[in-house]
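Next up, data29.cif (mmCIF, C-alpha atoms):
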data_query
loop_
_atom_site.group_PDB
_atom_site.id
_atom_site.type_symbol
_atom_site.label_atom_id
_atom_site.label_comp_id
_atom_site.auth_asym_id
_atom_site.auth_seq_id
_atom_site.Cartn_x
_atom_site.Cartn_y
_atom_site.Cartn_z
ATOM 1 C CA MET A 194 12.677 -20.096 -11.217
ATOM 2 C CA ALA A 195 10.857 -18.325 -14.032
ATOM 3 C CA ILE A 196 7.547 -16.670 -13.219
ATOM 4 C CA SER A 197 5.000 -18.284 -15.517
ATOM 5 C CA SER A 198 1.669 -17.595 -13.797
ATOM 6 C CA ALA A 199 -0.041 -14.914 -11.747
ATOM 7 C CA GLN A 200 0.040 -17.230 -8.699
ATOM 8 C CA ASP A 201 3.851 -17.513 -8.896
ATOM 9 C CA LEU A 202 4.104 -13.746 -9.222
ATOM 10 C CA PHE A 203 2.005 -13.039 -6.112
ATOM 11 C CA LYS A 204 3.885 -15.680 -4.084
ATOM 12 C CA LYS A 205 7.250 -14.156 -5.019
ATOM 13 C CA ALA A 206 6.009 -10.633 -4.288
ATOM 14 C CA ILE A 207 4.978 -11.717 -0.765
ATOM 15 C CA VAL A 208 8.337 -13.415 -0.105
ATOM 16 C CA TYR A 209 10.434 -10.491 -1.373
ATOM 17 C CA GLY A 210 8.160 -7.983 0.415
ATOM 18 C CA THR A 211 8.821 -9.782 3.703
ATOM 19 C CA PHE A 212 12.589 -9.683 3.059
ATOM 20 C CA LEU A 213 12.311 -5.955 2.375
ATOM 21 C CA ALA A 214 10.518 -5.376 5.696
ATOM 22 C CA VAL A 215 13.262 -7.214 7.589
ATOM 23 C CA ALA A 216 15.946 -5.208 5.745
ATOM 24 C CA ILE A 217 14.261 -1.855 6.477
ATOM 25 C CA ALA A 218 13.737 -2.784 10.125
ATOM 26 C CA ALA A 219 17.405 -3.811 10.482
ATOM 27 C CA VAL A 220 18.936 -0.841 8.644
ATOM 28 C CA GLY A 221 16.473 1.642 10.184
ATOM 29 C CA SER A 222 17.154 0.370 13.697
ATOM 30 C CA LEU A 223 20.908 0.515 13.198
ATOM 31 C CA VAL A 224 20.868 4.053 11.800
ATOM 32 C CA SER A 225 18.445 5.178 14.528
ATOM 33 C CA VAL A 226 20.566 3.788 17.366
ATOM 34 C CA LEU A 227 23.562 5.677 15.987
ATOM 35 C CA THR A 228 21.687 8.958 15.462
ATOM 36 C CA VAL A 229 18.520 9.542 17.515
ATOM 37 C CA GLY A 230 18.492 6.672 20.004
ATOM 38 C CA ILE A 231 15.921 4.091 21.079
ATOM 39 C CA SER A 232 12.892 6.200 20.098
ATOM 40 C CA GLY A 233 14.021 5.869 16.454
ATOM 41 C CA VAL A 234 14.322 2.087 16.757
ATOM 42 C CA TYR A 235 10.654 1.775 17.775
ATOM 43 C CA ALA A 236 9.671 4.099 14.925
ATOM 44 C CA ALA A 237 11.720 2.167 12.336
ATOM 45 C CA LEU A 238 10.249 -1.172 13.428
ATOM 46 C CA VAL A 239 6.644 0.105 13.415
ATOM 47 C CA GLY A 240 7.165 1.917 10.075
ATOM 48 C CA ALA A 241 8.615 -1.191 8.391
ATOM 49 C CA ALA A 242 5.778 -3.351 9.752
ATOM 50 C CA ILE A 243 3.022 -0.953 8.653
ATOM 51 C CA SER A 244 4.306 -0.232 5.129
ATOM 52 C CA THR A 245 4.922 -3.924 4.429
ATOM 53 C CA SER A 246 1.609 -5.117 5.845
ATOM 54 C CA PHE A 247 -0.094 -2.495 3.657
ATOM 55 C CA SER A 248 1.433 -3.820 0.431
ATOM 56 C CA LEU A 249 1.074 -7.480 1.483
ATOM 57 C CA MET A 250 -2.644 -6.909 2.116
ATOM 58 C CA THR A 251 -2.977 -5.542 -1.427
ATOM 59 C CA ILE A 252 -1.278 -8.616 -2.904
ATOM 60 C CA GLY A 253 -3.406 -10.910 -0.732
ATOM 61 C CA SER A 254 -6.654 -9.195 -1.718
ATOM 62 C CA VAL A 255 -5.887 -9.433 -5.471
ATOM 63 C CA TRP A 256 -4.663 -13.037 -5.119
ATOM 64 C CA PHE A 257 -7.638 -14.352 -3.137
ATOM 65 C CA GLY A 258 -10.090 -12.113 -4.978
ATOM 66 C CA SER A 259 -9.080 -13.647 -8.326
ATOM 67 C CA ARG A 260 -10.572 -16.968 -7.142
ATOM 68 C CA LEU A 261 -13.955 -15.465 -6.282
ATOM 69 C CA GLY A 262 -15.348 -14.259 -9.600
ATOM 70 C CA LEU A 263 -15.950 -10.632 -10.576
ATOM 71 C CA ASN A 264 -18.240 -9.545 -7.720
ATOM 72 C CA GLY A 265 -16.114 -11.148 -5.021
ATOM 73 C CA PHE A 266 -12.975 -9.742 -6.623
ATOM 74 C CA TYR A 267 -14.378 -6.223 -6.621
ATOM 75 C CA ALA A 268 -15.627 -6.512 -3.030
ATOM 76 C CA LEU A 269 -12.372 -7.929 -1.692
ATOM 77 C CA VAL A 270 -10.007 -5.471 -3.412
ATOM 78 C CA LEU A 271 -12.001 -2.307 -2.651
ATOM 79 C CA GLY A 272 -13.177 -3.514 0.784
ATOM 80 C CA GLY A 273 -9.567 -4.380 1.603
ATOM 81 C CA TRP A 274 -8.508 -0.864 0.589
ATOM 82 C CA LEU A 275 -11.178 0.677 2.822
ATOM 83 C CA ILE A 276 -10.181 -1.429 5.827
ATOM 84 C CA LYS A 277 -6.495 -0.629 5.282
ATOM 85 C CA VAL A 278 -7.014 3.139 5.237
ATOM 86 C CA VAL A 279 -9.257 3.060 8.338
ATOM 87 C CA LEU A 280 -6.798 0.828 10.227
ATOM 88 C CA PHE A 281 -3.850 2.997 9.187
ATOM 89 C CA GLY A 282 -5.694 6.135 10.342
ATOM 90 C CA VAL A 283 -6.412 4.568 13.753
ATOM 91 C CA VAL A 284 -2.782 3.414 14.135
ATOM 92 C CA LEU A 285 -1.479 6.890 13.219
ATOM 93 C CA ALA A 286 -3.871 8.571 15.661
ATOM 94 C CA ILE A 287 -2.532 6.332 18.448
ATOM 95 C CA LEU A 288 1.109 6.864 17.435
ATOM 96 C CA GLN A 289 0.816 10.664 17.310
ATOM 97 C CA GLY A 290 0.265 10.793 21.043
ATOM 98 C CA ALA A 291 2.898 8.134 21.816
ATOM 99 C CA GLN A 292 5.855 8.940 24.029
ATOM 100 C CA ASN A 293 9.381 7.889 23.024
ATOM 101 C CA PHE A 294 8.466 7.660 19.329
ATOM 102 C CA ASN A 295 10.498 9.445 16.641
ATOM 103 C CA GLY A 296 8.153 10.802 13.935
ATOM 104 C CA PRO A 297 10.672 11.570 11.140
ATOM 105 C CA VAL A 298 12.253 8.090 11.405
ATOM 106 C CA PHE A 299 8.762 6.586 11.170
ATOM 107 C CA PHE A 300 8.019 8.665 8.068
ATOM 108 C CA PHE A 301 11.242 7.662 6.325
ATOM 109 C CA ALA A 302 10.710 3.975 7.194
ATOM 110 C CA ILE A 303 7.223 4.198 5.620
ATOM 111 C CA VAL A 304 8.579 5.904 2.481
ATOM 112 C CA ALA A 305 11.414 3.350 2.176
ATOM 113 C CA GLY A 306 8.937 0.481 2.558
ATOM 114 C CA VAL A 307 6.508 1.908 0.002
ATOM 115 C CA LEU A 308 9.133 2.786 -2.618
ATOM 116 C CA GLY A 309 11.047 -0.480 -2.075
ATOM 117 C CA GLY A 310 7.813 -2.440 -2.395
ATOM 118 C CA LEU A 311 6.947 -0.622 -5.628
ATOM 119 C CA GLY A 312 10.419 -1.388 -7.005
ATOM 120 C CA ILE A 313 10.052 -5.097 -6.192
ATOM 121 C CA ASP A 314 6.527 -5.260 -7.660
ATOM 122 C CA SER A 315 7.545 -3.516 -10.887
ATOM 123 C CA TRP A 316 10.656 -5.659 -11.275
ATOM 124 C CA LEU A 317 8.674 -8.889 -10.792
ATOM 125 C CA VAL A 318 5.968 -7.863 -13.267
ATOM 126 C CA LEU A 319 8.564 -6.864 -15.879
ATOM 127 C CA LYS A 320 10.418 -10.152 -15.362
ATOM 128 C CA ALA A 321 7.288 -12.317 -15.484
ATOM 129 C CA ARG A 322 6.277 -14.212 -18.612
ATOM 130 C CA ILE A 323 2.589 -14.747 -18.014
ATOM 131 C CA PRO A 324 0.699 -16.349 -20.931
ATOM 132 C CA THR A 325 -1.989 -14.173 -22.495
ATOM 133 C CA VAL A 326 -4.622 -16.894 -22.181
ATOM 134 C CA ASP A 327 -4.991 -18.057 -18.592
ATOM 135 C CA ASN A 328 -5.098 -21.762 -17.777
ATOM 136 C CA MET B 101 -27.324 33.026 10.981
ATOM 137 C CA ASP B 102 -24.126 34.156 12.717
ATOM 138 C CA ALA B 103 -21.057 34.736 10.562
ATOM 139 C CA VAL B 104 -18.163 32.350 11.254
ATOM 140 C CA ASN B 105 -14.777 33.908 11.874
ATOM 141 C CA ILE B 106 -12.236 31.592 10.231
ATOM 142 C CA ALA B 107 -9.453 32.861 12.493
ATOM 143 C CA GLU B 108 -11.325 31.545 15.538
ATOM 144 C CA LEU B 109 -11.612 27.963 14.239
ATOM 145 C CA THR B 110 -9.564 25.515 16.290
ATOM 146 C CA GLY B 111 -8.297 21.990 15.627
ATOM 147 C CA ASN B 112 -5.452 20.155 13.989
ATOM 148 C CA ILE B 113 -4.711 20.962 10.327
ATOM 149 C CA ALA B 114 -3.312 17.414 9.960
ATOM 150 C CA VAL B 115 -6.916 16.201 9.860
ATOM 151 C CA VAL B 116 -7.345 17.990 6.516
ATOM 152 C CA GLY B 117 -4.182 16.212 5.346
ATOM 153 C CA TYR B 118 -5.655 12.820 6.277
ATOM 154 C CA GLY B 119 -8.754 13.613 4.241
ATOM 155 C CA LEU B 120 -6.836 14.802 1.178
ATOM 156 C CA ALA B 121 -4.512 11.790 1.338
ATOM 157 C CA ALA B 122 -7.523 9.466 1.244
ATOM 158 C CA ILE B 123 -9.608 11.187 -1.473
ATOM 159 C CA GLY B 124 -7.141 11.133 -4.387
ATOM 160 C CA PRO B 125 -5.923 7.538 -4.086
ATOM 161 C CA GLY B 126 -9.511 6.443 -3.308
ATOM 162 C CA ILE B 127 -10.652 7.811 -6.675
ATOM 163 C CA GLY B 128 -7.542 6.344 -8.344
ATOM 164 C CA VAL B 129 -8.025 2.835 -6.950
ATOM 165 C CA GLY B 130 -11.729 2.949 -7.867
ATOM 166 C CA LEU B 131 -10.853 3.869 -11.467
ATOM 167 C CA VAL B 132 -8.187 1.165 -11.748
ATOM 168 C CA VAL B 133 -10.538 -1.539 -10.452
ATOM 169 C CA SER B 134 -13.526 -0.398 -12.521
ATOM 170 C CA LYS B 135 -11.501 -0.372 -15.757
ATOM 171 C CA THR B 136 -10.095 -3.827 -14.969
ATOM 172 C CA ILE B 137 -13.587 -5.230 -14.422
ATOM 173 C CA GLU B 138 -14.773 -3.625 -17.646
ATOM 174 C CA SER B 139 -11.842 -5.195 -19.509
ATOM 175 C CA ILE B 140 -12.419 -8.633 -17.940
ATOM 176 C CA ALA B 141 -16.103 -8.438 -18.876
ATOM 177 C CA ARG B 142 -15.080 -7.772 -22.499
ATOM 178 C CA GLN B 143 -12.320 -10.388 -22.621
ATOM 179 C CA PRO B 144 -12.629 -12.899 -19.755
ATOM 180 C CA GLU B 145 -9.711 -15.004 -21.076
ATOM 181 C CA LEU B 146 -7.325 -12.144 -20.236
ATOM 182 C CA ALA B 147 -8.381 -12.046 -16.564
ATOM 183 C CA GLY B 148 -5.064 -13.310 -15.124
ATOM 184 C CA ARG B 149 -2.981 -10.796 -16.993
ATOM 185 C CA LEU B 150 -5.314 -7.883 -16.331
ATOM 186 C CA GLN B 151 -5.376 -8.618 -12.599
ATOM 187 C CA VAL B 152 -1.576 -8.503 -12.456
ATOM 188 C CA THR B 153 -1.569 -5.153 -14.273
ATOM 189 C CA MET B 154 -4.305 -3.905 -11.945
ATOM 190 C CA TRP B 155 -2.294 -4.916 -8.878
ATOM 191 C CA LEU B 156 0.629 -2.817 -10.090
ATOM 192 C CA GLY B 157 -1.724 0.131 -10.731
ATOM 193 C CA ILE B 158 -3.196 -0.132 -7.229
ATOM 194 C CA ALA B 159 0.279 -0.419 -5.665
ATOM 195 C CA PHE B 160 1.408 2.823 -7.305
ATOM 196 C CA THR B 161 -1.805 4.663 -6.422
ATOM 197 C CA GLU B 162 -1.889 3.638 -2.781
ATOM 198 C CA ALA B 163 1.763 4.598 -2.322
ATOM 199 C CA LEU B 164 0.510 8.181 -2.456
ATOM 200 C CA ALA B 165 -2.044 7.451 0.254
ATOM 201 C CA LEU B 166 0.504 5.908 2.621
ATOM 202 C CA ILE B 167 3.016 8.709 2.188
ATOM 203 C CA GLY B 168 0.284 11.357 2.457
ATOM 204 C CA LEU B 169 -1.152 9.856 5.648
ATOM 205 C CA ALA B 170 2.283 9.694 7.264
ATOM 206 C CA THR B 171 3.278 13.312 6.469
ATOM 207 C CA PRO B 172 1.961 14.789 9.781
ATOM 208 C CA PHE B 173 4.872 12.962 11.453
ATOM 209 C CA ILE B 174 7.415 15.024 9.571
ATOM 210 C CA PHE B 175 5.585 18.335 8.962
ATOM 211 C CA GLY B 176 3.483 18.408 12.131
#

Please, can you express the file's structure as structure tokens?
Amino acid sequence: MAISSAQDLFKKAIVYGTFLAVAIAAVGSLVSVLTVGISGVYAALVGAAISTSFSLMTIGSVWFGSRLGLNGFYALVLGGWLIKVVLFGVVLAILQGAQNFNGPVFFFAIVAGVLGGLGIDSWLVLKARIPTVDN
Amino acid sequence: MDAVNIAELTGNIAVVGYGLAAIGPGIGVGLVVSKTIESIARQPELAGRLQVTMWLGIAFTEALALIGLATPFIFG
């Protein structure tokens, strides 16, 4: 299906982003079990969940914000960013003291999620044929 | 006022990393959003297209924040 509106684009980005999270969780868990053990599996699962929820929240804030007019749009996108960074900081503070949690695996799961998400987003935007004048 | 000896300061250097990882992308996201709003105010009929471009700009900027915030797990 061709992408012909911003709504289609955001929907597809959410679907593909979810697939990416599942793929990173599966591959990360498998590699971790074979190399560092169960502590890496927890780290891969948490890393995939965090990186994907971060990019899905961005898509959601732009999508819902576009229905609210300029002020609402601004508030939702920047407020969403603020909440994300605070939440991520709290989660990281908790995880740093966690037992049975492999830090490097977590880091690489986050990087894979972020870079994979960027690849999907860029590919979708390049593929999209959105009309200049919005309906 | 007593002089502070830097060598006697205690704490986790990762905290400085958290701060630095938030400042840069924070400025970047603010710039991306402000320019998009300026553009939409000039040409409201382009809103849909500009918001898509803005989303891509935010995604790239906040990638730095996520990676920067997670670095204490590999360097710490």

For this session: Select, from A:Ala302, A:Val284, A:Val208, A:Leu269, the residue with the minimum atom-to-atom distance to Ser225 (chain A), counting only C-alpha atoms.
Result: A:Ala302

For this session: Decode the PyMOL selection byres ((chain B) within 10 of (chain A)) for the given file into explicit residues and return them as an NGL selection string.
Result: :B and (118 or 121-122 or 125-126 or 129-130 or 133-134 or 136-137 or 140-141 or 144-160 or 162-176)

Quick one: what's the axis-aligned box for region 197-205 of chain A, all listed atoms, 3 Å on every side, centre and edges in Å to one decimal, as JSON?
{"center_x": 3.6, "center_y": -15.7, "center_z": -9.8, "size_x": 13.3, "size_y": 11.2, "size_z": 17.4}

Problem set entry | Distance query Val220 (chain A) at most 12 Å, all atoms listed in the file, self and fewer than 3 positions along chain excluded, as a ChimeraX atom specification | /A:213-217,223-227,233-234,237-238,241,298,301-302,305-306

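With CA of Val115 (chain B) on one side and CA of Ala268 (chain A) on the other, the separation reads 27.5 Å.
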
Exercise. Just how far from CA of Ala206 (chain A) is CA of Ser246 (chain A), in Å to one decimal?
Worked result: 12.3 Å

Problem set entry | Among listed residues B:Gln143, B:Ala103, B:Gly124, B:Lys135, nearest Thr161 (chain B) (using all atoms listed in the file) | B:Gly124

Kindly add all heavy atoms to the incomplete region 105-116 of chain B and provide the output as a PDB file, in the coordinates of the input.
ATOM      1  N   ASN B 105     -16.104  33.324  12.045  1.00  0.00           N
ATOM      2  CA  ASN B 105     -14.777  33.908  11.874  1.00  0.00           C
ATOM      3  C   ASN B 105     -13.755  32.775  11.727  1.00  0.00           C
ATOM      4  O   ASN B 105     -13.514  32.006  12.657  1.00  0.00           O
ATOM      5  CB  ASN B 105     -14.453  34.775  13.106  1.00  0.00           C
ATOM      6  CG  ASN B 105     -13.135  35.507  12.933  1.00  0.00           C
ATOM      7  OD1 ASN B 105     -12.440  35.301  11.941  1.00  0.00           O
ATOM      8  ND2 ASN B 105     -12.811  36.356  13.895  1.00  0.00           N
ATOM      9  N   ILE B 106     -13.175  32.692  10.528  1.00  0.00           N
ATOM     10  CA  ILE B 106     -12.236  31.592  10.231  1.00  0.00           C
ATOM     11  C   ILE B 106     -11.070  31.588  11.214  1.00  0.00           C
ATOM     12  O   ILE B 106     -10.582  30.537  11.624  1.00  0.00           O
ATOM     13  CB  ILE B 106     -11.669  31.741   8.795  1.00  0.00           C
ATOM     14  CG1 ILE B 106     -12.798  31.660   7.777  1.00  0.00           C
ATOM     15  CG2 ILE B 106     -10.593  30.706   8.498  1.00  0.00           C
ATOM     16  CD1 ILE B 106     -13.189  30.301   7.325  1.00  0.00           C
ATOM     17  N   ALA B 107     -10.616  32.764  11.611  1.00  0.00           N
ATOM     18  CA  ALA B 107      -9.453  32.861  12.493  1.00  0.00           C
ATOM     19  C   ALA B 107      -9.720  32.240  13.856  1.00  0.00           C
ATOM     20  O   ALA B 107      -8.790  31.877  14.576  1.00  0.00           O
ATOM     21  CB  ALA B 107      -9.044  34.322  12.652  1.00  0.00           C
ATOM     22  N   GLU B 108     -11.000  32.103  14.223  1.00  0.00           N
ATOM     23  CA  GLU B 108     -11.325  31.545  15.538  1.00  0.00           C
ATOM     24  C   GLU B 108     -11.521  30.033  15.517  1.00  0.00           C
ATOM     25  O   GLU B 108     -11.754  29.417  16.546  1.00  0.00           O
ATOM     26  CB  GLU B 108     -12.591  32.213  16.087  1.00  0.00           C
ATOM     27  CG  GLU B 108     -12.346  33.651  16.529  1.00  0.00           C
ATOM     28  CD  GLU B 108     -13.626  34.320  16.991  1.00  0.00           C
ATOM     29  OE1 GLU B 108     -14.674  33.650  16.995  1.00  0.00           O
ATOM     30  OE2 GLU B 108     -13.561  35.506  17.323  1.00  0.00           O
ATOM     31  N   LEU B 109     -11.450  29.420  14.314  1.00  0.00           N
ATOM     32  CA  LEU B 109     -11.612  27.963  14.239  1.00  0.00           C
ATOM     33  C   LEU B 109     -10.416  27.287  14.893  1.00  0.00           C
ATOM     34  O   LEU B 109      -9.273  27.715  14.712  1.00  0.00           O
ATOM     35  CB  LEU B 109     -11.710  27.509  12.782  1.00  0.00           C
ATOM     36  CG  LEU B 109     -12.996  27.867  12.043  1.00  0.00           C
ATOM     37  CD1 LEU B 109     -12.887  27.418  10.594  1.00  0.00           C
ATOM     38  CD2 LEU B 109     -14.194  27.213  12.705  1.00  0.00           C
ATOM     39  N   THR B 110     -10.671  26.234  15.649  1.00  0.00           N
ATOM     40  CA  THR B 110      -9.564  25.515  16.290  1.00  0.00           C
ATOM     41  C   THR B 110      -9.542  24.066  15.808  1.00  0.00           C
ATOM     42  O   THR B 110     -10.500  23.579  15.248  1.00  0.00           O
ATOM     43  CB  THR B 110      -9.715  25.521  17.822  1.00  0.00           C
ATOM     44  OG1 THR B 110     -10.991  24.977  18.131  1.00  0.00           O
ATOM     45  CG2 THR B 110      -9.559  26.904  18.384  1.00  0.00           C
ATOM     46  N   GLY B 111      -8.430  23.390  16.043  1.00  0.00           N
ATOM     47  CA  GLY B 111      -8.297  21.990  15.627  1.00  0.00           C
ATOM     48  C   GLY B 111      -6.946  21.765  14.993  1.00  0.00           C
ATOM     49  O   GLY B 111      -6.129  22.677  14.892  1.00  0.00           O
ATOM     50  N   ASN B 112      -6.740  20.528  14.555  1.00  0.00           N
ATOM     51  CA  ASN B 112      -5.452  20.155  13.989  1.00  0.00           C
ATOM     52  C   ASN B 112      -5.550  20.116  12.466  1.00  0.00           C
ATOM     53  O   ASN B 112      -6.378  19.401  11.902  1.00  0.00           O
ATOM     54  CB  ASN B 112      -5.066  18.778  14.539  1.00  0.00           C
ATOM     55  CG  ASN B 112      -3.637  18.425  14.230  1.00  0.00           C
ATOM     56  OD1 ASN B 112      -3.021  19.022  13.346  1.00  0.00           O
ATOM     57  ND2 ASN B 112      -3.114  17.451  14.951  1.00  0.00           N
ATOM     58  N   ILE B 113      -4.678  20.886  11.790  1.00  0.00           N
ATOM     59  CA  ILE B 113      -4.711  20.962  10.327  1.00  0.00           C
ATOM     60  C   ILE B 113      -4.338  19.620   9.695  1.00  0.00           C
ATOM     61  O   ILE B 113      -4.665  19.349   8.535  1.00  0.00           O
ATOM     62  CB  ILE B 113      -3.771  22.096   9.829  1.00  0.00           C
ATOM     63  CG1 ILE B 113      -4.034  22.444   8.351  1.00  0.00           C
ATOM     64  CG2 ILE B 113      -2.314  21.753  10.027  1.00  0.00           C
ATOM     65  CD1 ILE B 113      -5.343  23.111   8.094  1.00  0.00           C
ATOM     66  N   ALA B 114      -3.682  18.736  10.486  1.00  0.00           N
ATOM     67  CA  ALA B 114      -3.312  17.414   9.960  1.00  0.00           C
ATOM     68  C   ALA B 114      -4.546  16.603   9.568  1.00  0.00           C
ATOM     69  O   ALA B 114      -4.479  15.740   8.684  1.00  0.00           O
ATOM     70  CB  ALA B 114      -2.500  16.641  11.000  1.00  0.00           C
ATOM     71  N   VAL B 115      -5.677  16.914  10.191  1.00  0.00           N
ATOM     72  CA  VAL B 115      -6.916  16.201   9.860  1.00  0.00           C
ATOM     73  C   VAL B 115      -7.293  16.432   8.397  1.00  0.00           C
ATOM     74  O   VAL B 115      -7.741  15.525   7.696  1.00  0.00           O
ATOM     75  CB  VAL B 115      -8.057  16.667  10.794  1.00  0.00           C
ATOM     76  CG1 VAL B 115      -9.366  16.014  10.401  1.00  0.00           C
ATOM     77  CG2 VAL B 115      -7.715  16.344  12.228  1.00  0.00           C
ATOM     78  N   VAL B 116      -7.078  17.676   7.928  1.00  0.00           N
ATOM     79  CA  VAL B 116      -7.345  17.990   6.516  1.00  0.00           C
ATOM     80  C   VAL B 116      -6.409  17.171   5.627  1.00  0.00           C
ATOM     81  O   VAL B 116      -6.796  16.659   4.571  1.00  0.00           O
ATOM     82  CB  VAL B 116      -7.160  19.503   6.258  1.00  0.00           C
ATOM     83  CG1 VAL B 116      -7.434  19.834   4.801  1.00  0.00           C
ATOM     84  CG2 VAL B 116      -8.078  20.305   7.155  1.00  0.00           C
TER      85      VAL B 116
END
